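So this block is entry_31.pdb, PDB, C-alpha atoms:
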```
ATOM      1  CA  MET M   1     -41.887 118.253 -44.747  1.00  0.00           C
ATOM      2  CA  PRO M   2     -38.691 119.988 -43.490  1.00  0.00           C
ATOM      3  CA  LYS M   3     -35.426 118.503 -44.713  1.00  0.00           C
ATOM      4  CA  SER M   4     -34.202 117.915 -41.125  1.00  0.00           C
ATOM      5  CA  VAL M   5     -37.249 115.713 -40.404  1.00  0.00           C
ATOM      6  CA  ILE M   6     -36.652 113.665 -43.566  1.00  0.00           C
ATOM      7  CA  VAL M   7     -32.998 113.138 -42.566  1.00  0.00           C
ATOM      8  CA  LYS M   8     -34.049 112.031 -39.054  1.00  0.00           C
ATOM      9  CA  LEU M   9     -36.619 109.583 -40.465  1.00  0.00           C
ATOM     10  CA  SER M  10     -33.999 108.161 -42.843  1.00  0.00           C
ATOM     11  CA  GLN M  11     -31.575 107.610 -39.951  1.00  0.00           C
ATOM     12  CA  ILE M  12     -34.259 105.840 -37.899  1.00  0.00           C
ATOM     13  CA  ALA M  13     -35.118 103.617 -40.872  1.00  0.00           C
ATOM     14  CA  ILE M  14     -31.442 102.670 -41.366  1.00  0.00           C
ATOM     15  CA  LEU M  15     -30.988 101.901 -37.652  1.00  0.00           C
ATOM     16  CA  SER M  16     -34.179  99.797 -37.621  1.00  0.00           C
ATOM     17  CA  GLY M  17     -33.004  97.848 -40.657  1.00  0.00           C
ATOM     18  CA  THR M  18     -29.630  97.202 -39.030  1.00  0.00           C
ATOM     19  CA  PHE M  19     -31.330  95.997 -35.835  1.00  0.00           C
ATOM     20  CA  ILE M  20     -33.584  93.580 -37.733  1.00  0.00           C
ATOM     21  CA  LEU M  21     -30.676  92.171 -39.740  1.00  0.00           C
ATOM     22  CA  SER M  22     -28.534  91.702 -36.642  1.00  0.00           C
ATOM     23  CA  GLY M  23     -31.512  89.991 -34.988  1.00  0.00           C
ATOM     24  CA  CYS M  24     -31.773  87.604 -37.935  1.00  0.00           C
ATOM     25  CA  ALA M  25     -28.089  86.787 -37.747  1.00  0.00           C
ATOM     26  CA  GLY M  26     -28.112  86.239 -34.015  1.00  0.00           C
ATOM     27  CA  SER M  27     -31.118  83.966 -33.567  1.00  0.00           C
ATOM     28  CA  GLY M  28     -31.977  80.549 -34.890  1.00  0.00           C
ATOM     29  CA  GLY M  29     -35.302  78.740 -35.290  1.00  0.00           C
ATOM     30  CA  PHE M  30     -37.826  81.466 -35.984  1.00  0.00           C
ATOM     31  CA  TRP M  31     -35.535  83.705 -38.043  1.00  0.00           C
ATOM     32  CA  SER M  32     -34.109  80.821 -40.072  1.00  0.00           C
ATOM     33  CA  SER M  33     -37.660  79.832 -41.013  1.00  0.00           C
ATOM     34  CA  LEU M  34     -38.030  83.292 -42.568  1.00  0.00           C
ATOM     35  CA  SER M  35     -34.873  82.853 -44.639  1.00  0.00           C
ATOM     36  CA  PRO M  36     -35.429  83.061 -48.408  1.00  0.00           C
ATOM     37  CA  MET M  37     -33.676  79.666 -48.621  1.00  0.00           C
ATOM     38  CA  ASN M  38     -36.695  78.151 -46.847  1.00  0.00           C
ATOM     39  CA  TRP M  39     -39.425  79.954 -48.742  1.00  0.00           C
ATOM     40  CA  PHE M  40     -39.486  77.409 -51.545  1.00  0.00           C
ATOM     41  CA  SER M  41     -38.766  74.186 -49.639  1.00  0.00           C
ATOM     42  CA  SER M  42     -41.757  71.924 -49.236  1.00  0.00           C
ATOM     43  CA  PRO M  43     -42.305  68.981 -46.899  1.00  0.00           C
ATOM     44  CA  ILE M  44     -41.339  65.535 -48.126  1.00  0.00           C
ATOM     45  CA  THR M  45     -44.447  63.568 -49.070  1.00  0.00           C
ATOM     46  CA  ALA M  46     -45.084  59.822 -48.998  1.00  0.00           C
ATOM     47  CA  LYS M  47     -47.359  58.700 -51.807  1.00  0.00           C
ATOM     48  CA  ALA M  48     -48.198  55.622 -53.878  1.00  0.00           C
ATOM     49  CA  ALA M  49     -45.222  56.237 -56.202  1.00  0.00           C
ATOM     50  CA  GLY M  50     -42.634  56.615 -53.419  1.00  0.00           C
ATOM     51  CA  VAL M  51     -41.286  59.006 -50.792  1.00  0.00           C
ATOM     52  CA  GLY M  52     -40.029  62.432 -51.796  1.00  0.00           C
ATOM     53  CA  GLY M  53     -38.168  61.949 -55.066  1.00  0.00           C
ATOM     54  CA  ILE M  54     -37.465  58.267 -54.401  1.00  0.00           C
ATOM     55  CA  THR M  55     -39.431  55.690 -56.412  1.00  0.00           C
ATOM     56  CA  GLY M  56     -38.994  52.056 -57.358  1.00  0.00           C
ATOM     57  CA  PHE M  57     -36.806  53.237 -60.245  1.00  0.00           C
ATOM     58  CA  THR M  58     -34.304  55.027 -57.989  1.00  0.00           C
ATOM     59  CA  PRO M  59     -30.849  53.382 -57.953  1.00  0.00           C
ATOM     60  CA  MET M  60     -29.486  52.261 -54.587  1.00  0.00           C
ATOM     61  CA  GLN M  61     -26.731  54.878 -54.516  1.00  0.00           C
ATOM     62  CA  ALA M  62     -26.098  57.068 -51.474  1.00  0.00           C
ATOM     63  CA  ASP M  63     -25.612  60.334 -53.378  1.00  0.00           C
ATOM     64  CA  ILE M  64     -28.811  59.841 -55.373  1.00  0.00           C
ATOM     65  CA  ILE M  65     -30.829  58.886 -52.263  1.00  0.00           C
ATOM     66  CA  LYS M  66     -29.521  61.986 -50.434  1.00  0.00           C
ATOM     67  CA  GLU M  67     -30.410  64.284 -53.338  1.00  0.00           C
ATOM     68  CA  ARG M  68     -33.899  62.752 -53.785  1.00  0.00           C
ATOM     69  CA  LEU M  69     -34.572  63.510 -50.111  1.00  0.00           C
ATOM     70  CA  ASP M  70     -33.704  67.192 -50.679  1.00  0.00           C
ATOM     71  CA  ASP M  71     -30.346  66.799 -48.855  1.00  0.00           C
ATOM     72  CA  ARG M  72     -32.221  66.899 -45.525  1.00  0.00           C
ATOM     73  CA  TYR M  73     -30.428  63.954 -43.939  1.00  0.00           C
ATOM     74  CA  ILE M  74     -26.954  62.653 -43.255  1.00  0.00           C
ATOM     75  CA  ILE M  75     -26.825  59.313 -45.084  1.00  0.00           C
ATOM     76  CA  ARG M  76     -25.055  56.241 -43.733  1.00  0.00           C
ATOM     77  CA  SER M  77     -25.062  52.845 -45.371  1.00  0.00           C
ATOM     78  CA  GLY M  78     -25.020  49.258 -44.207  1.00  0.00           C
ATOM     79  CA  MET M  79     -26.213  45.785 -45.104  1.00  0.00           C
ATOM     80  CA  GLN M  80     -28.566  43.264 -43.568  1.00  0.00           C
ATOM     81  CA  THR M  81     -30.061  39.884 -44.371  1.00  0.00           C
ATOM     82  CA  GLU M  82     -33.726  39.589 -45.289  1.00  0.00           C
ATOM     83  CA  GLN M  83     -35.259  36.204 -46.110  1.00  0.00           C
ATOM     84  CA  GLY M  84     -31.808  34.801 -46.787  1.00  0.00           C
ATOM     85  CA  GLU M  85     -30.782  37.619 -49.120  1.00  0.00           C
ATOM     86  CA  ILE M  86     -28.375  40.481 -48.437  1.00  0.00           C
ATOM     87  CA  VAL M  87     -29.878  43.933 -48.932  1.00  0.00           C
ATOM     88  CA  THR M  88     -28.346  47.380 -48.772  1.00  0.00           C
ATOM     89  CA  VAL M  89     -29.765  49.858 -46.257  1.00  0.00           C
ATOM     90  CA  PHE M  90     -29.358  53.629 -46.393  1.00  0.00           C
ATOM     91  CA  GLN M  91     -30.302  55.386 -43.178  1.00  0.00           C
ATOM     92  CA  GLY M  92     -31.182  59.087 -43.168  1.00  0.00           C
ATOM     93  CA  LEU M  93     -30.157  60.747 -39.897  1.00  0.00           C
ATOM     94  CA  ASP M  94     -31.225  64.047 -38.417  1.00  0.00           C
ATOM     95  CA  ASP M  95     -30.089  65.122 -34.923  1.00  0.00           C
ATOM     96  CA  ASP M  96     -28.304  61.743 -34.667  1.00  0.00           C
ATOM     97  CA  LYS M  97     -31.647  59.926 -34.989  1.00  0.00           C
ATOM     98  CA  VAL M  98     -32.633  57.605 -37.817  1.00  0.00           C
ATOM     99  CA  LYS M  99     -35.607  59.259 -39.506  1.00  0.00           C
ATOM    100  CA  ILE M 100     -35.845  57.222 -42.708  1.00  0.00           C
ATOM    101  CA  GLU M 101     -34.460  53.938 -44.041  1.00  0.00           C
ATOM    102  CA  VAL M 102     -34.203  52.968 -47.702  1.00  0.00           C
ATOM    103  CA  PHE M 103     -33.817  49.293 -48.655  1.00  0.00           C
ATOM    104  CA  GLY M 104     -32.906  47.519 -51.873  1.00  0.00           C
ATOM    105  CA  PRO M 105     -30.474  45.077 -53.468  1.00  0.00           C
ATOM    106  CA  GLU M 106     -26.891  46.253 -53.892  1.00  0.00           C
ATOM    107  CA  LYS M 107     -26.472  47.847 -57.333  1.00  0.00           C
ATOM    108  CA  GLY M 108     -30.230  47.477 -57.773  1.00  0.00           C
ATOM    109  CA  TYR M 109     -33.223  49.743 -57.204  1.00  0.00           C
ATOM    110  CA  VAL M 110     -35.152  50.864 -54.129  1.00  0.00           C
ATOM    111  CA  SER M 111     -37.663  48.239 -52.987  1.00  0.00           C
ATOM    112  CA  ARG M 112     -38.820  49.556 -49.595  1.00  0.00           C
ATOM    113  CA  ILE M 113     -38.726  52.730 -47.479  1.00  0.00           C
ATOM    114  CA  SER M 114     -39.420  52.955 -43.744  1.00  0.00           C
ATOM    115  CA  VAL M 115     -40.306  56.413 -42.435  1.00  0.00           C
ATOM    116  CA  SER M 116     -40.193  57.460 -38.776  1.00  0.00           C
ATOM    117  CA  ASP M 117     -39.753  61.209 -39.382  1.00  0.00           C
ATOM    118  CA  PRO M 118     -42.822  63.133 -38.108  1.00  0.00           C
ATOM    119  CA  ASP M 119     -42.137  65.842 -40.696  1.00  0.00           C
ATOM    120  CA  ILE M 120     -42.919  63.457 -43.567  1.00  0.00           C
ATOM    121  CA  VAL M 121     -46.641  63.346 -44.342  1.00  0.00           C
ATOM    122  CA  THR M 122     -48.569  61.137 -46.754  1.00  0.00           C
ATOM    123  CA  GLU M 123     -50.478  62.785 -49.569  1.00  0.00           C
ATOM    124  CA  TRP M 124     -53.617  61.937 -47.553  1.00  0.00           C
ATOM    125  CA  GLY M 125     -52.439  63.862 -44.491  1.00  0.00           C
ATOM    126  CA  ILE M 126     -51.327  60.901 -42.343  1.00  0.00           C
ATOM    127  CA  LYS M 127     -48.085  61.207 -40.373  1.00  0.00           C
ATOM    128  CA  ILE M 128     -46.242  59.694 -37.420  1.00  0.00           C
ATOM    129  CA  GLY M 129     -48.551  60.022 -34.408  1.00  0.00           C
ATOM    130  CA  SER M 130     -51.822  59.921 -36.372  1.00  0.00           C
ATOM    131  CA  PRO M 131     -54.396  57.782 -34.498  1.00  0.00           C
ATOM    132  CA  PHE M 132     -55.810  54.562 -35.928  1.00  0.00           C
ATOM    133  CA  SER M 133     -59.341  55.996 -35.701  1.00  0.00           C
ATOM    134  CA  ASP M 134     -58.423  58.781 -38.162  1.00  0.00           C
ATOM    135  CA  ILE M 135     -57.837  56.179 -40.880  1.00  0.00           C
ATOM    136  CA  TYR M 136     -59.850  53.036 -40.139  1.00  0.00           C
ATOM    137  CA  GLU M 137     -63.141  52.079 -38.576  1.00  0.00           C
ATOM    138  CA  LYS M 138     -62.037  48.466 -38.099  1.00  0.00           C
ATOM    139  CA  ALA M 139     -58.920  46.356 -38.545  1.00  0.00           C
ATOM    140  CA  PHE M 140     -60.571  43.459 -40.371  1.00  0.00           C
ATOM    141  CA  GLY M 141     -59.423  43.185 -43.981  1.00  0.00           C
ATOM    142  CA  ALA M 142     -56.673  45.799 -43.652  1.00  0.00           C
ATOM    143  CA  CYS M 143     -54.454  44.884 -40.686  1.00  0.00           C
ATOM    144  CA  LYS M 144     -52.264  42.064 -39.399  1.00  0.00           C
ATOM    145  CA  ILE M 145     -50.058  41.451 -36.365  1.00  0.00           C
ATOM    146  CA  ALA M 146     -46.500  42.756 -36.851  1.00  0.00           C
ATOM    147  CA  GLU M 147     -43.164  42.508 -35.104  1.00  0.00           C
ATOM    148  CA  PRO M 148     -43.008  44.703 -31.963  1.00  0.00           C
ATOM    149  CA  ILE M 149     -41.528  48.188 -32.373  1.00  0.00           C
ATOM    150  CA  ASP M 150     -39.342  49.338 -29.482  1.00  0.00           C
ATOM    151  CA  ASP M 151     -40.824  46.547 -27.342  1.00  0.00           C
ATOM    152  CA  GLN M 152     -44.366  47.762 -28.021  1.00  0.00           C
ATOM    153  CA  PRO M 153     -46.956  45.508 -29.680  1.00  0.00           C
ATOM    154  CA  ALA M 154     -47.564  46.497 -33.298  1.00  0.00           C
ATOM    155  CA  VAL M 155     -49.968  45.936 -36.165  1.00  0.00           C
ATOM    156  CA  GLU M 156     -49.486  46.767 -39.827  1.00  0.00           C
ATOM    157  CA  CYS M 157     -52.373  48.086 -41.910  1.00  0.00           C
ATOM    158  CA  VAL M 158     -52.512  48.671 -45.654  1.00  0.00           C
ATOM    159  CA  ALA M 159     -53.486  52.253 -46.519  1.00  0.00           C
ATOM    160  CA  PRO M 160     -57.060  52.568 -47.809  1.00  0.00           C
ATOM    161  CA  GLN M 161     -55.846  54.476 -50.879  1.00  0.00           C
ATOM    162  CA  THR M 162     -52.980  52.241 -52.086  1.00  0.00           C
ATOM    163  CA  ALA M 163     -51.345  48.884 -51.368  1.00  0.00           C
ATOM    164  CA  HIS M 164     -47.923  50.559 -51.704  1.00  0.00           C
ATOM    165  CA  ILE M 165     -48.286  52.292 -48.305  1.00  0.00           C
ATOM    166  CA  VAL M 166     -48.479  50.391 -45.007  1.00  0.00           C
ATOM    167  CA  TYR M 167     -48.918  52.005 -41.585  1.00  0.00           C
ATOM    168  CA  SER M 168     -47.314  50.436 -38.512  1.00  0.00           C
ATOM    169  CA  PHE M 169     -49.344  51.199 -35.388  1.00  0.00           C
ATOM    170  CA  THR M 170     -48.202  50.736 -31.790  1.00  0.00           C
ATOM    171  CA  GLY M 171     -50.076  51.046 -28.529  1.00  0.00           C
ATOM    172  CA  LYS M 172     -51.012  49.413 -25.253  1.00  0.00           C
ATOM    173  CA  TRP M 173     -52.392  45.883 -25.272  1.00  0.00           C
ATOM    174  CA  GLN M 174     -52.720  43.541 -22.313  1.00  0.00           C
ATOM    175  CA  GLY M 175     -53.998  40.593 -24.328  1.00  0.00           C
ATOM    176  CA  PRO M 176     -52.137  37.474 -25.489  1.00  0.00           C
ATOM    177  CA  GLU M 177     -49.150  37.960 -27.779  1.00  0.00           C
ATOM    178  CA  GLY M 178     -50.012  37.182 -31.375  1.00  0.00           C
ATOM    179  CA  LEU M 179     -53.680  38.060 -31.008  1.00  0.00           C
ATOM    180  CA  MET M 180     -55.097  41.068 -32.848  1.00  0.00           C
ATOM    181  CA  PRO M 181     -56.376  43.710 -30.388  1.00  0.00           C
ATOM    182  CA  PRO M 182     -60.055  44.619 -30.754  1.00  0.00           C
ATOM    183  CA  ASP M 183     -61.020  47.747 -32.662  1.00  0.00           C
ATOM    184  CA  ASP M 184     -61.909  49.546 -29.426  1.00  0.00           C
ATOM    185  CA  GLU M 185     -58.287  49.128 -28.305  1.00  0.00           C
ATOM    186  CA  LEU M 186     -56.758  49.901 -31.703  1.00  0.00           C
ATOM    187  CA  LYS M 187     -58.599  53.214 -32.122  1.00  0.00           C
ATOM    188  CA  ASN M 188     -56.137  54.856 -29.711  1.00  0.00           C
ATOM    189  CA  TRP M 189     -53.011  53.319 -31.258  1.00  0.00           C
ATOM    190  CA  THR M 190     -50.881  55.683 -33.317  1.00  0.00           C
ATOM    191  CA  VAL M 191     -48.729  55.468 -36.442  1.00  0.00           C
ATOM    192  CA  SER M 192     -45.116  54.686 -35.524  1.00  0.00           C
ATOM    193  CA  ARG M 193     -43.855  54.065 -39.048  1.00  0.00           C
ATOM    194  CA  ILE M 194     -44.976  54.684 -42.579  1.00  0.00           C
ATOM    195  CA  ILE M 195     -43.701  52.012 -44.941  1.00  0.00           C
ATOM    196  CA  TRP M 196     -43.611  52.299 -48.706  1.00  0.00           C
ATOM    197  CA  LYS M 197     -43.254  49.084 -50.705  1.00  0.00           C
ATOM    198  CA  LYS M 198     -42.578  48.726 -54.392  1.00  0.00           C
TER     199      LYS M 198
END
```
As a first step, turn the structure in this file into structure tokens.
Amino acid sequence: MPKSVIVKLSQIAILSGTFILSGCAGSGGFWSSLSPMNWFSSPITAKAAGVGGITGFTPMQADIIKERLDDRYIIRSGMQTEQGEIVTVFQGLDDDKVKIEVFGPEKGYVSRISVSDPDIVTEWGIKIGSPFSDIYEKAFGACKIAEPIDDQPAVECVAPQTAHIVYSFTGKWQGPEGLMPPDDELKNWTVSRIIWKK
């Protein structure tokens, strides 16, 4: 191959490389997903032992909670009363929305985690938005009436695989308050929260 052709091809290759790099620098979303920094990050998983790196042995300390959630959230802390006792709450925010809440006694260990982030999936493939019918055939023996979520009626159901995971389902129900909807109604309800309990 003539030397002049090789030089031309080299110049085209350099220009193409420059174009691709400038494209990466100038666009978000798609290009950032191709970043080497993201190649090794994996989704946070909810399982019987806990959520992400948080378990029942994790101290209620903001910096530890943040690190155990792969630094994916801005953490803010507060306190609330539950059954007459004061508990610490760490909220994980993303895009100014609360995506996860971690509860436990001050200077104690994590006792409960409430997940509303659709990017967190259980080890059995269930996530926010999963329909009731994907998990249960009937509510009997697994579910109970729960406090409404965002003014929607709710039921809580223990995961078939472990008592440490509870799914909160919400949906439409025209029946009396406090009465469990029939299975035919529940099958279209979807997971609004995934709750891990110690």
Evaluate the PyMOL selection byres ((chain M and resi 127-136) around 8) and report residues as number ranges by chain: M: 116-122, 125-126, 137-139, 160, 169, 186-194
12 Å contact set for M:Lys66, all atoms listed in the file, chain neighbours under 2 positions out, as a list in words: Gly52, Gly53, Ile54, Thr58, Pro59, Met60, Gln61, Ala62, Asp63, Ile64, Arg68, Leu69, Asp70, Asp71, Arg72, Tyr73, Ile74, Ile75, Arg76, Ser77, Phe90, Gln91, Gly92, Leu93, Ile100, Glu101 and Val102 of chain M
Quick one: apply the PyMOL selection byres ((chain M and resi 154) around 12) to the file and drop the selected residues here as a PyMOL selection string. chain M and resi 132+143-153+155-157+167-173+177-181+186+189-193
Two-atom distance - atom CA of M:Glu82, atom CA of M:Lys47 (Å):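 Those two atoms sit 24.4 Å apart.
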If you measure from atom CA of M:Pro105 to atom CA of M:Glu85, what distance in Å do you get, rounded to one decimal?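 Distance between the two atoms: 8.6 Å.
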Computed interatomic separation between atom CA of M:Tyr109 and atom CA of M:Phe57 (Å): 5.9 Å
At a cut-off of 9 Å around the point (-38.6, 51.5, -50.4) (file coordinates), what residues fall inside when counting all atoms listed in the file? I'd like the answer as a list in words.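 Output: Gly50, Val51, Ile54, Thr55, Gly56, Glu101, Val102, Phe103, Gly104, Tyr109, Val110, Ser111, Arg112, Ile113, Ser114, Ile195, Trp196, Lys197 and Lys198 of chain M.
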Exercise on stretch 112-131 of chain M, axis-aligned box with 4 Å per side, report centre and edge lengths in Å to one decimal, as lines of an AutoDock Vina configuration file:
```
center_x = -46.6
center_y = 57.7
center_z = -42.0
size_x = 23.7
size_y = 24.3
size_z = 23.2
```
Residues within 8 Å of (-50.7, 56.9, -49.9), file coordinates, counting all atoms listed in the file: what are they? Give the list as a list in words. Ala46, Lys47, Ala48, Thr122, Glu123, Trp124, Ala159, Pro160, Gln161, Thr162, His164 and Ile165 of chain M
